[in-house]
Amino acid sequence: MIIRLLCRVGSLVLMMPVMSAVAEQNVVMDTPIAGWHDTSGEDATYSQRVNYPAASVNTPANQSAQALIRGQIKGFPKPDSKAKPEPGRLIVNGVSMPLKIEDNGDFERPYIFSQGSNSVEVRSPDRSAANRTQFYAKSGSGVVPARLRIVLSWDTDNTDLDLHVVTPDGQHAWYGGRQLQNGGALDMDVTTGYGPEIFSSPAPESGQYLVYVNYYGGRGEEILTTAQITIVTEEGTTNEKQEMVIVPMRNPGELTLIKQFSYSNRG
(Lines give C-alpha, C1' and ligand atoms only; values in the text may rest on other atoms or scores of the structure.)
Protein backbone atom coordinates (compact mmCIF):
# COMPACT_ATOMS: atom_id res chain seq x y z
CA MET A 1 0.00 0.00 0.00
CA ILE A 2 1.30 3.49 -0.88
CA ILE A 3 0.58 6.49 1.35
CA ARG A 4 1.04 9.89 -0.29
CA LEU A 5 2.30 12.80 1.87
CA LEU A 6 1.92 16.49 1.01
CA CYS A 7 5.18 18.44 1.27
CA ARG A 8 5.43 22.21 0.62
CA VAL A 9 8.58 23.48 -1.04
CA GLY A 10 8.36 27.21 -1.58
CA SER A 11 5.08 27.75 -3.43
CA LEU A 12 4.97 24.14 -4.74
CA VAL A 13 3.06 21.30 -3.19
CA LEU A 14 4.72 17.94 -3.92
CA MET A 15 3.07 14.50 -3.68
CA MET A 16 5.67 12.19 -2.17
CA PRO A 17 4.99 8.40 -2.18
CA VAL A 18 5.98 6.61 1.01
CA MET A 19 5.89 2.81 1.20
CA SER A 20 3.99 1.47 4.20
CA ALA A 21 5.52 -1.23 6.34
CA VAL A 22 4.63 -4.55 4.72
CA ALA A 23 6.46 -7.73 5.69
CA GLU A 24 8.57 -9.05 2.84
CA GLN A 25 8.03 -12.72 2.12
CA ASN A 26 10.97 -15.07 1.80
CA VAL A 27 10.82 -18.76 0.86
CA VAL A 28 13.16 -20.99 2.88
CA MET A 29 13.63 -24.66 1.92
CA ASP A 30 14.99 -27.00 4.60
CA THR A 31 14.89 -30.06 2.33
CA PRO A 32 15.92 -31.22 -0.16
CA ILE A 33 19.44 -29.88 0.26
CA ALA A 34 21.42 -28.71 -2.76
CA GLY A 35 24.46 -30.64 -3.87
CA TRP A 36 25.35 -34.29 -4.42
CA HIS A 37 23.33 -36.90 -2.53
CA ASP A 38 24.36 -40.52 -2.21
CA THR A 39 21.14 -42.19 -1.07
CA SER A 40 22.35 -45.80 -1.34
CA GLY A 41 21.96 -46.30 2.43
CA GLU A 42 18.69 -44.41 2.86
CA ASP A 43 15.08 -45.49 2.79
CA ALA A 44 13.55 -43.01 0.35
CA THR A 45 10.17 -44.70 0.29
CA TYR A 46 6.87 -43.30 1.47
CA SER A 47 3.85 -44.86 3.08
CA GLN A 48 0.77 -43.68 4.91
CA ARG A 49 -2.44 -45.09 6.28
CA VAL A 50 -5.30 -44.59 3.83
CA ASN A 51 -8.05 -42.56 5.47
CA TYR A 52 -10.55 -39.86 4.61
CA PRO A 53 -10.91 -37.16 5.61
CA ALA A 54 -7.41 -36.51 6.87
CA ALA A 55 -5.99 -33.44 8.57
CA SER A 56 -2.60 -33.62 6.92
CA VAL A 57 -0.27 -35.81 4.94
CA ASN A 58 1.31 -38.09 7.54
CA THR A 59 5.05 -38.47 7.11
CA PRO A 60 6.65 -41.31 9.10
CA ALA A 61 9.42 -40.54 11.58
CA ASN A 62 12.00 -42.37 9.47
CA GLN A 63 11.09 -40.52 6.26
CA SER A 64 14.23 -39.75 4.27
CA ALA A 65 14.94 -36.02 4.12
CA GLN A 66 15.83 -36.47 0.47
CA ALA A 67 12.28 -37.67 -0.26
CA LEU A 68 10.66 -34.64 1.37
CA ILE A 69 10.05 -31.04 0.29
CA ARG A 70 9.83 -28.98 3.46
CA GLY A 71 10.28 -25.36 4.47
CA GLN A 72 8.56 -22.12 5.36
CA ILE A 73 7.55 -18.82 3.82
CA LYS A 74 8.92 -16.18 6.18
CA GLY A 75 6.70 -13.11 6.54
CA PHE A 76 3.65 -15.07 5.37
CA PRO A 77 0.59 -12.83 5.92
CA LYS A 78 -2.12 -13.89 8.34
CA PRO A 79 -4.85 -15.57 6.27
CA ASP A 80 -8.20 -13.85 5.85
CA SER A 81 -10.81 -16.21 7.29
CA LYS A 82 -13.37 -14.98 4.74
CA ALA A 83 -11.15 -15.46 1.70
CA LYS A 84 -10.40 -18.71 -0.09
CA PRO A 85 -6.86 -19.85 0.86
CA GLU A 86 -4.58 -19.82 -2.15
CA PRO A 87 -1.91 -22.50 -2.61
CA GLY A 88 1.70 -21.85 -3.34
CA ARG A 89 3.37 -23.28 -6.43
CA LEU A 90 5.70 -26.28 -6.51
CA ILE A 91 7.77 -26.96 -9.61
CA VAL A 92 9.74 -30.21 -9.69
CA ASN A 93 11.86 -30.93 -12.76
CA GLY A 94 9.62 -28.69 -14.85
CA VAL A 95 6.32 -30.16 -13.59
CA SER A 96 4.26 -27.40 -11.96
CA MET A 97 1.60 -28.16 -9.32
CA PRO A 98 -0.16 -26.48 -6.36
CA LEU A 99 1.44 -26.62 -2.91
CA LYS A 100 -0.50 -26.36 0.36
CA ILE A 101 0.77 -23.57 2.63
CA GLU A 102 -0.19 -23.73 6.30
CA ASP A 103 -1.46 -20.66 8.15
CA ASN A 104 1.99 -20.09 9.68
CA GLY A 105 3.73 -20.34 6.29
CA ASP A 106 4.97 -23.93 6.69
CA PHE A 107 4.88 -26.38 3.80
CA GLU A 108 5.74 -30.09 3.69
CA ARG A 109 5.17 -32.58 0.90
CA PRO A 110 6.76 -36.00 0.30
CA TYR A 111 8.18 -36.53 -3.17
CA ILE A 112 10.09 -39.48 -4.61
CA PHE A 113 12.73 -37.87 -6.84
CA SER A 114 14.31 -39.40 -9.90
CA GLN A 115 17.92 -40.48 -9.95
CA GLY A 116 20.27 -37.93 -11.48
CA SER A 117 19.78 -34.18 -11.64
CA ASN A 118 16.71 -32.66 -9.92
CA SER A 119 15.44 -29.13 -9.46
CA VAL A 120 12.82 -27.93 -6.96
CA GLU A 121 11.25 -24.48 -6.91
CA VAL A 122 8.69 -23.17 -4.39
CA ARG A 123 6.76 -19.95 -5.00
CA SER A 124 4.56 -18.06 -2.54
CA PRO A 125 0.81 -17.87 -3.29
CA ASP A 126 1.09 -14.26 -4.52
CA ARG A 127 4.29 -15.14 -6.47
CA SER A 128 6.20 -12.36 -4.71
CA ALA A 129 8.81 -14.75 -3.33
CA ALA A 130 10.46 -17.91 -4.62
CA ASN A 131 13.34 -20.23 -3.89
CA ARG A 132 14.97 -22.87 -6.05
CA THR A 133 17.40 -25.65 -5.27
CA GLN A 134 19.18 -28.19 -7.46
CA PHE A 135 20.74 -31.48 -6.46
CA TYR A 136 22.05 -34.71 -7.94
CA ALA A 137 20.71 -37.96 -6.48
CA LYS A 138 22.92 -41.03 -6.77
CA SER A 139 21.76 -44.42 -5.46
CA GLY A 140 23.60 -47.65 -5.03
CA SER A 141 23.99 -50.30 -7.68
CA GLY A 142 20.84 -52.01 -8.84
CA VAL A 143 18.62 -48.92 -8.54
CA VAL A 144 17.12 -48.11 -11.93
CA PRO A 145 15.73 -44.62 -12.66
CA ALA A 146 12.10 -44.26 -13.67
CA ARG A 147 11.54 -44.21 -17.42
CA LEU A 148 7.83 -43.47 -17.06
CA ARG A 149 6.32 -41.12 -14.49
CA ILE A 150 2.66 -40.08 -14.24
CA VAL A 151 1.96 -37.19 -11.85
CA LEU A 152 -1.53 -36.26 -10.59
CA SER A 153 -2.19 -32.92 -8.89
CA TRP A 154 -5.34 -30.86 -8.39
CA ASP A 155 -6.34 -27.33 -7.49
CA THR A 156 -8.51 -27.59 -4.34
CA ASP A 157 -7.72 -28.15 -0.68
CA ASN A 158 -9.53 -30.72 1.50
CA THR A 159 -10.35 -32.77 -1.59
CA ASP A 160 -9.32 -36.34 -2.38
CA LEU A 161 -8.55 -37.45 -5.92
CA ASP A 162 -7.02 -40.87 -6.58
CA LEU A 163 -4.73 -41.88 -9.42
CA HIS A 164 -5.38 -45.22 -11.15
CA VAL A 165 -3.06 -46.61 -13.84
CA VAL A 166 -3.69 -49.75 -15.90
CA THR A 167 -0.55 -51.07 -17.60
CA PRO A 168 -0.45 -52.93 -20.97
CA ASP A 169 -0.32 -56.33 -19.23
CA GLY A 170 -3.57 -55.58 -17.39
CA GLN A 171 -2.13 -54.77 -13.97
CA HIS A 172 -3.83 -52.00 -11.99
CA ALA A 173 -2.00 -49.55 -9.71
CA TRP A 174 -4.17 -47.67 -7.19
CA TYR A 175 -4.11 -46.78 -3.48
CA GLY A 176 -5.33 -50.28 -2.57
CA GLY A 177 -2.57 -51.96 -4.60
CA ARG A 178 0.40 -49.67 -5.09
CA GLN A 179 3.10 -52.19 -6.06
CA LEU A 180 2.84 -54.04 -9.38
CA GLN A 181 4.62 -57.24 -10.32
CA ASN A 182 6.06 -55.54 -13.42
CA GLY A 183 7.95 -53.02 -11.25
CA GLY A 184 5.55 -50.10 -11.52
CA ALA A 185 4.38 -48.44 -8.31
CA LEU A 186 2.16 -45.70 -6.96
CA ASP A 187 4.23 -43.87 -4.35
CA MET A 188 1.58 -42.35 -2.06
CA ASP A 189 -2.08 -41.64 -1.43
CA VAL A 190 -2.74 -37.96 -0.70
CA THR A 191 -6.17 -37.47 0.84
CA THR A 192 -5.98 -33.80 1.82
CA GLY A 193 -5.85 -31.82 -1.40
CA TYR A 194 -3.50 -30.74 -4.18
CA GLY A 195 -1.40 -33.93 -4.43
CA PRO A 196 0.89 -35.00 -5.97
CA GLU A 197 0.29 -38.70 -6.43
CA ILE A 198 2.89 -40.31 -8.67
CA PHE A 199 3.03 -43.57 -10.59
CA SER A 200 6.47 -44.54 -11.86
CA SER A 201 8.05 -47.47 -13.60
CA PRO A 202 11.77 -48.22 -14.19
CA ALA A 203 11.05 -50.63 -17.06
CA PRO A 204 7.65 -49.78 -18.56
CA GLU A 205 5.87 -52.39 -20.65
CA SER A 206 5.35 -51.45 -24.29
CA GLY A 207 1.73 -50.88 -25.25
CA GLN A 208 -1.35 -48.94 -24.21
CA TYR A 209 -1.64 -47.30 -20.77
CA LEU A 210 -4.92 -46.15 -19.26
CA VAL A 211 -4.87 -43.29 -16.74
CA TYR A 212 -7.98 -42.80 -14.59
CA VAL A 213 -8.76 -40.33 -11.82
CA ASN A 214 -11.32 -41.15 -9.15
CA TYR A 215 -12.98 -38.19 -7.41
CA TYR A 216 -13.07 -39.95 -4.05
CA GLY A 217 -14.60 -37.12 -2.05
CA GLY A 218 -14.40 -33.53 -1.02
CA ARG A 219 -15.94 -30.22 -1.98
CA GLY A 220 -17.87 -31.15 -5.12
CA GLU A 221 -20.94 -29.13 -4.18
CA GLU A 222 -18.91 -26.04 -3.23
CA ILE A 223 -16.26 -25.66 -5.88
CA LEU A 224 -15.11 -27.19 -9.16
CA THR A 225 -11.97 -29.28 -8.82
CA THR A 226 -9.60 -29.51 -11.77
CA ALA A 227 -7.21 -32.45 -12.15
CA GLN A 228 -3.83 -32.09 -13.82
CA ILE A 229 -2.07 -35.18 -15.19
CA THR A 230 1.54 -34.87 -16.35
CA ILE A 231 3.12 -37.78 -18.22
CA VAL A 232 6.93 -37.80 -18.24
CA THR A 233 8.90 -40.29 -20.32
CA GLU A 234 12.67 -40.89 -20.32
CA GLU A 235 13.09 -38.40 -17.46
CA GLY A 236 16.52 -36.84 -17.11
CA THR A 237 17.69 -37.88 -20.58
CA THR A 238 17.99 -36.06 -23.90
CA ASN A 239 14.84 -37.92 -24.99
CA GLU A 240 12.70 -36.64 -22.11
CA LYS A 241 9.14 -35.67 -23.05
CA GLN A 242 6.33 -34.17 -20.98
CA GLU A 243 2.62 -34.09 -21.76
CA MET A 244 0.03 -32.36 -19.60
CA VAL A 245 -3.73 -32.98 -19.53
CA ILE A 246 -6.18 -30.82 -17.51
CA VAL A 247 -9.69 -32.14 -16.83
CA PRO A 248 -12.50 -30.78 -14.60
CA MET A 249 -13.75 -33.24 -11.97
CA ARG A 250 -17.42 -32.46 -11.40
CA ASN A 251 -18.96 -35.00 -9.01
CA PRO A 252 -17.51 -36.97 -6.08
CA GLY A 253 -17.67 -40.68 -6.81
CA GLU A 254 -16.86 -40.37 -10.51
CA LEU A 255 -14.11 -42.49 -12.07
CA THR A 256 -12.92 -40.69 -15.21
CA LEU A 257 -10.65 -41.95 -17.99
CA ILE A 258 -8.24 -39.04 -18.33
CA LYS A 259 -5.73 -40.32 -20.85
CA GLN A 260 -4.94 -43.33 -23.02
CA PHE A 261 -1.42 -43.35 -24.43
CA SER A 262 1.08 -45.70 -26.01
CA TYR A 263 4.57 -46.27 -24.69
CA SER A 264 7.25 -47.93 -26.78
CA ASN A 265 10.12 -49.61 -24.95
CA ARG A 266 13.04 -49.01 -27.26
CA GLY A 267 15.40 -50.98 -25.15
# chains A, B, ... in the order shown; residues from 1 in each chain; ligands from 1
>>> closest_atom_pairs(of="region 135-229 of chain A", to="region 89-102 of chain A", cutoff="7 Å", atoms="only C-alpha atoms", output="tab-separated table")
residue	atom	partner	partner_atom	distance
A:Ser153	CA	A:Met97	CA	6.1
A:Asp155	CA	A:Pro98	CA	6.3
A:Tyr194	CA	A:Pro98	CA	5.8
>>> write_last_selection(atoms="C-alpha atoms", output="PDB file, in the first residue's frame")
ATOM      1  CA  SER A 153      -2.188 -32.919  -8.890  1.00  0.00           C
ATOM      2  CA  ASP A 155      -6.345 -27.334  -7.487  1.00  0.00           C
ATOM      3  CA  TYR A 194      -3.497 -30.740  -4.182  1.00  0.00           C
TER       4      TYR A 194
END
>>> residues_around(residues="Gln228 (chain A)", least_positions_apart="4", cutoff="12 Å", atoms="only C-alpha atoms", output="MDAnalysis selection string")
chainID A and resid 95:98 150:156 161:163 194:198 211:213 243:249 258:259
>>> closest_residue(among="A:Gly183, A:Pro252, A:Gly236, A:Gly116", to="Tyr216 (chain A)", atoms="only C-alpha atoms")
A:Pro252
>>> closest_residue(among="A:Arg149, A:Ile73, A:Asp103, A:Arg127", to="Pro85 (chain A)", atoms="only C-alpha atoms")
A:Asp103
>>> closest_residue(among="A:Arg147, A:Arg250, A:Lys138, A:Arg132", to="Trp36 (chain A)", atoms="only C-alpha atoms")
A:Lys138
>>> atom_distance(atom1="CA of Glu86 (chain A)", atom2="CA of Glu121 (chain A)")
17.2 Å
>>> closest_residue(among="A:Gly105, A:Gly253, A:Pro168, A:Gly71", to="Gly218 (chain A)", atoms="only C-alpha atoms")
A:Gly253
